[in-house]
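J.: I'd like to ask some things about the structure below.
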Amino acid sequence: MRITAGDIELEVRAGVPASAITEFASRHGASLPERPFCGPTRLGADHPAGLSPLVEHARLTQTPGPDARPRPGIHLAVVAGPDAGAVATLTEDLVIGRADAAGLRLTDVRASAEHARLTRGTVRDCGSRNGTRAFGARVRWRKKLGPGATLEVGDSVIVVGSPEAVAQAPAHAATWGLASAATAGLSAAGFALITGHWQFAVVALAVPAIGAIAVLVRRNRRVAPAPLLDVTGTLGLDPLPPGGVSVAGPRGLIRAVTLTTGRPARESRQWEPWMERLPAAARDVVWLETNEEPPSWAEVTIAARANTVVLSAQGEHTVAPLPLVSRPHAEASARRIAAAASGMGIPRSVTWAELPPPAADSLAVRLGLGEAGPVYLDLVADGPHVLVAGTTGSGKSEALRTIVTSVAHDYSPQQVTFALIDFKGGAGLGDCAALPHVASVLTDLEPHLARRCLLALGAELAQRKRAAASAGASSYTDWDAPPPRIVVVVDEFQEIASADRDFIPQLAQLAAQGRSLGVHLVLATQRPSGAVGADVRANISTTLALRTASEAESRDLIGTAAAAHIPVDSPGRAVLLRGTETLEVQVAIPTADPPPPIRLAEAAPVPGTPLGEAATRRHTGTATPLWLPPLPSLVTPALDASGFVLGIADLPTERRREAWRWDPAAGPLVITGPPRSGRSSVLRAVGARATREGLRPVWVPADARRAVRTLAIAAETAGCVLLLDDAQRTLSLASAADPEVTELLTECLRRAPAALVVPPAWAHHRLVSGAGAAMVLAGLAAADDALWDVPVSLRGLPATQGRARCSAAQGWAEVHVAYEAEWAPTDVIAPLPATAPSTVPASAIGVGGDDGAPLCLPRGQAAVVGPAGDEREAIALRVQAATGAVPLVMDTGMTLGMPGTQTPRVVVCVRPTARSLREVTRVNAHGLIEPTHVAFRAVVIVDGVPSAVQVLPS
C-alpha cells in the first residue's frame, strides 16, 4: 500500500509495523520520531500497516495533522469557511473552537477559543462571542443533533456526517401557514354571524391568531446553509450538474471544486501536487482569472460572492456557503478520497506469495486481500461454477491466471486438472498452458472446434458416470478413488457466444450434469451484458466482478453499482459476490515470491518468479488429455498403408485418430464442396491410391465426346477406377453428344469403383443415392451441410484446404485429406485435332481412334455414306487415295448389307449422327459423335469396329 513518511513515498506491505516504516524512511532522509503521528493519532511502534489510521494513502508526520482516514465514522465535516475540508471524529465530549486542545480546531477568527461543545449527541454554546447556530436557529441551551445536522460557528459551516449516506437536514416548515390561519378566522366569523354568539367567535379567533404569530416567527428564522461541494469526501453529496465547469474565486474555492470533480491536467492553472492522488476528472474545469469570461463550453459556472458561492447551471442558481480549503486540508481530503476509492485497509497491490495456504480438504484459490484479511475462493464450497467479469484494463486476465496457477500450485495433477478455452487466441491464458495440470487447450475461435470440445467433455462425463456407478458412488465425495477434478476455464466466452449461441448453454448443461462428478466451470468475459443467459446464471453461485463499463453491468452481475465505481487506475480490485455476501478484494498478482516489506515508491518493483513456473517445478506427472489438438493442416500420404487411405479422421468422443478409408465395395465415393476447396485434389489422391493398389484410374475428361467414350470403355473394362470431376457440368455437356450418358454413368457406377465430384445441391440425386461414402469438404454453409446430413457439431467448418467431413459405414468424422502432389491423370481417349496434320502418310485417311493415331485403311473398295456436298466429295477422294479403289458414294447406308449385296470392309460415315450410325453398324457407338459438327470429322468402320477420325482431305 502507498504510504507517505514525511515527504517520502513508500510502498508498504500490509502488516509491517510502524517502527519498521519509520526506520526505513529515516534511512532515506525522512525526519520522523520513533512514534510518528498519522493524522491526529500518535502511532504505537507495533501498529501494523493496513490497520486504521495507517491505511492506503496515510501520511506519517512529526506533529499531529489533519485526519485523513477514509472512514472516520460519525464525524464533523467543515464544509465552508477558512477551515473547509477539516474532519474530526465525534467523541463523547468534543469542543469546537480555536484552542489547541479543541477536538475540532478552527482558524476562523470569528470563532471563540471554546466556541461550542458536543456531548452525547447534543450541542451547546460555550458562551461564544458570535453564538452557535444549529439548523439555522441560535442555540440557547442544548440542541439535539443527528447525521446531516448543520452547525454554524463563526464563518464556518459544519455538517454531522456518518458512514452511511448523509440524511438531508430536517425541514422546519410550520404546520400552520397564514392561509390556514385566515381560513380559521373566516370560519369563526361565519359561526358568529349564524349563531349571534360573538363571545364564542372571540375564543375561536384566538387559536388561528396564535398560529399566525408562530408562522411569522418561523419565517423570520434563518434557514440553515446547505453545502454545495463535498470537500471532505465523506458526505456523499450529489455531483455537480453535467458539463464543463468554470470557477471564479480564490484558490481555496478551486481546491474545493477539484476535490469534487477530480484530478485536472498537470498544465492547468489550478494544479498542485496533492491533486495527483485524486481520480482523473471526467469533465473539463477551468479556473478563471480576474475579469475573465467563462468559455463557451462551460455549462456550469461557480463564482464566489462575499461569503457565499453561487452555482449556475441550466438556468438555475444555487447559493451555498463559501468553502475555502487550505492546502493541508486539501491534501488530507485527497488522501481520504484516494484511500476510500482503493478500499480502506486494502492495498493497491498484493502478491500471491503474501497469502497463507488454504485448508487441505478443499479446492480453494488464494484469491487476494480484503479488509478482514486473506480472501479465498473455494471451488467446492463456493462453486461449483464461477463467473469472472471486467472491462478492458480491469485485470480480468490476471485474475484468471491467479485462479488457475493458485490451484495448480497448491494441488497436484492427481487432484485437479484444467481444460483451458481461450477465445483471445491464447493471450489471456497462454502462460498457463505449460502447467502439468492442463489436460487440453483451445485457443481458436472456430465454432466447430468449440463444439468438438463439448463432445470430448460429454464423453468424459459419460465415462465418469460409468466409473462412479461401478464404484457405487452417488457423488464425487463418496468416491473412494475419484479421478481428478476438472476445472473448465473459458476466457472471453462472449466471443464464441456471438458465433455459436448454443455453445455456452450446452457447456453449462454439461457442467450442471458434472457437479456430482467433480467438474467445475469458470467463465470470464469483458462484456457480460447479454452474454450470460438465465440458464447459465442459474448454475453460477459466485461472481468476481472487476471494474465494469457501466453501472447497469455491475448491477446485473452483483446487484449493486459498486463494480462500476472501481477506479480506472486500480487493476485487480474487484467485488466478490458469494451467495448473498459481497466482499471487496484486491486480487493477488500470480507471483511466487513476496515483495520486500518496504520499498521506495519510485523504485521499480523486483519481478518475482511467476506462479505458473513455480507450480510446474513443484509437481510431476501430466494430466490425461480431454481432447486431442486439432487436426494438422498437412497430412502426408500413408505410402505403406493398404486400401484407399485418403486421410486422418478425428474421433473426439474416443480421444483418438485413425486412418480414414474408402471401401470401393460399399459403393462410389461422392465428393462435394465449394469451389477451390480441393475437390479435384481428392480425385487425384484416389487415383494415386488406385495405382498403388494395382488398379487402373480412369479420369473422365471434360470434353463431351471423349467423356462419353471414356465412360463407355470404363463400363466394359475390368480393374479400373472411374474418376469424374464436376459431374454436373460433364453430364450436361456430354448429354448433347449422347442423350444416354446418365444411364451410361449409372452402369459404370454399378460395375466399377468410382469417385465423382458433385455439386452441394445433389445431396439427394439418384447418382448419389447408392454412394458408399460421402466427403463434404469444408467451406459450405451450414444449411448445405445439413442437406448431406452432416452432424450439427461438424457443420459450418470454415474453408480450409484439405479439411472435410466424411461419412462411411462407421459414421461421420472430421478428416484431413492426404493429398498426392506427384500423381497426375492420363487420358484414356486421346483428343482429336480440329484438322488432320499434313504429316499423315498417304495410306492413312487421317488420325483417329482412341489413341489418336494415323488410321490406315485396307486396300479395296470402301463405302462413303453421308449427305451430298463438298465435304463428302473431298473425303471420298481421300478414301480413294488410301484404298486404291474408287469408293461407293451414297446418301444413306440402309442399302448396305441388303440381300444380293456385299458390305465393304470399310464404311466411312460423313457428318455422322446416331441414326446414320445405326444404319451402318450394330456395334455400340457411344462416344463417336461430337455434339456439334467438326469439319471433316467422320466415323470410320473397319471390319465392324467404329472409330472417330479426323480426315485429311485431298
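How things are named: the first chain in the C-alpha cells is A, the next is B, and so on; residues count from 1 in each chain; ligands count from 1 in the order shown.
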So that I can check the secondary structure, give me every residue of segment 205-397 of chain A assigned helix (DSSP H, G or I) by backbone DSSP, as a PyMOL selection string.

T.: chain A and resi 205-219+251-261+273-277+327-342+352-354+396-397

J.: Which residues are close to Arg129 of chain A, i.e. within 12 Å by only C-alpha atoms, leaving aside same-chain residues fewer than 4 positions away? Reply as a list in words.

T.: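 Surrounding residues, per the criterion: Gly97, Val109, Arg110, Ala111, Ser112, Ala113, Glu114, His115, Ala116, Asp125, Val153 and Gly154 of chain A.
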
J.: Restricting it to C-alpha atoms, dump the selection as a PDB file, in the first residue's frame.

T.:
```
ATOM      1  CA  GLY A  97     -13.003  26.265  18.719  1.00  0.00           C
ATOM      2  CA  VAL A 109     -11.167  34.456  13.512  1.00  0.00           C
ATOM      3  CA  ARG A 110     -14.867  34.727  14.323  1.00  0.00           C
ATOM      4  CA  ALA A 111     -14.752  31.515  16.343  1.00  0.00           C
ATOM      5  CA  SER A 112     -14.001  31.607  20.088  1.00  0.00           C
ATOM      6  CA  ALA A 113     -11.315  29.520  21.810  1.00  0.00           C
ATOM      7  CA  GLU A 114     -14.031  27.215  23.113  1.00  0.00           C
ATOM      8  CA  HIS A 115     -16.975  28.018  20.929  1.00  0.00           C
ATOM      9  CA  ALA A 116     -19.296  25.016  21.230  1.00  0.00           C
ATOM     10  CA  ASP A 125     -22.808  27.111  23.067  1.00  0.00           C
ATOM     11  CA  VAL A 153     -19.584  28.508  14.159  1.00  0.00           C
ATOM     12  CA  GLY A 154     -18.269  31.931  13.206  1.00  0.00           C
TER      13      GLY A 154
END
```

J.: Which residues come within 8 Å of segment 261-271 of chain A, counting only C-alpha atoms, excluding same-chain residues fewer than 2 positions away, as a PyMOL selection string?

T.: chain A and resi 251+254-255+257-259+273+275-287

J.: I need the residue nearest Ser541 of chain A from this list: A:Leu377, A:Ala588, A:Ser554, A:Leu400. Use only C-alpha atoms for the distance.

T.: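 The answer is A:Leu377, which sits nearest to Ser541 of chain A.
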
J.: Mind checking which residues fall within 7 Å of segment 659-676 of chain A, counting only C-alpha atoms, ignoring those fewer than 6 positions away in the same chain, and posting them as JSON, numbers by chain?

T.: {"A": [643, 644, 645, 646, 647, 648, 649, 749, 753, 754, 755, 756, 757, 758, 759, 760, 768, 770, 771, 772, 773, 774, 775, 776, 777, 778, 779, 780]}

J.: Given the choices A:Ala298, A:Ala935, A:Ile486, A:Ile598, which gets closest to Gly15 of chain A if the distance is worked out from only C-alpha atoms?

T.: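 Comparing A:Ala298, A:Ala935, A:Ile486, A:Ile598 against Gly15 of chain A, the winner is A:Ile598.
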
J.: Show which residues sit within 9 Å of Thr405 of chain A, as a PyMOL selection string. Count only C-alpha atoms, and ignore same-chain residues fewer than 5 positions away.

T.: chain A and resi 365+400+410+432+435+590+611-615
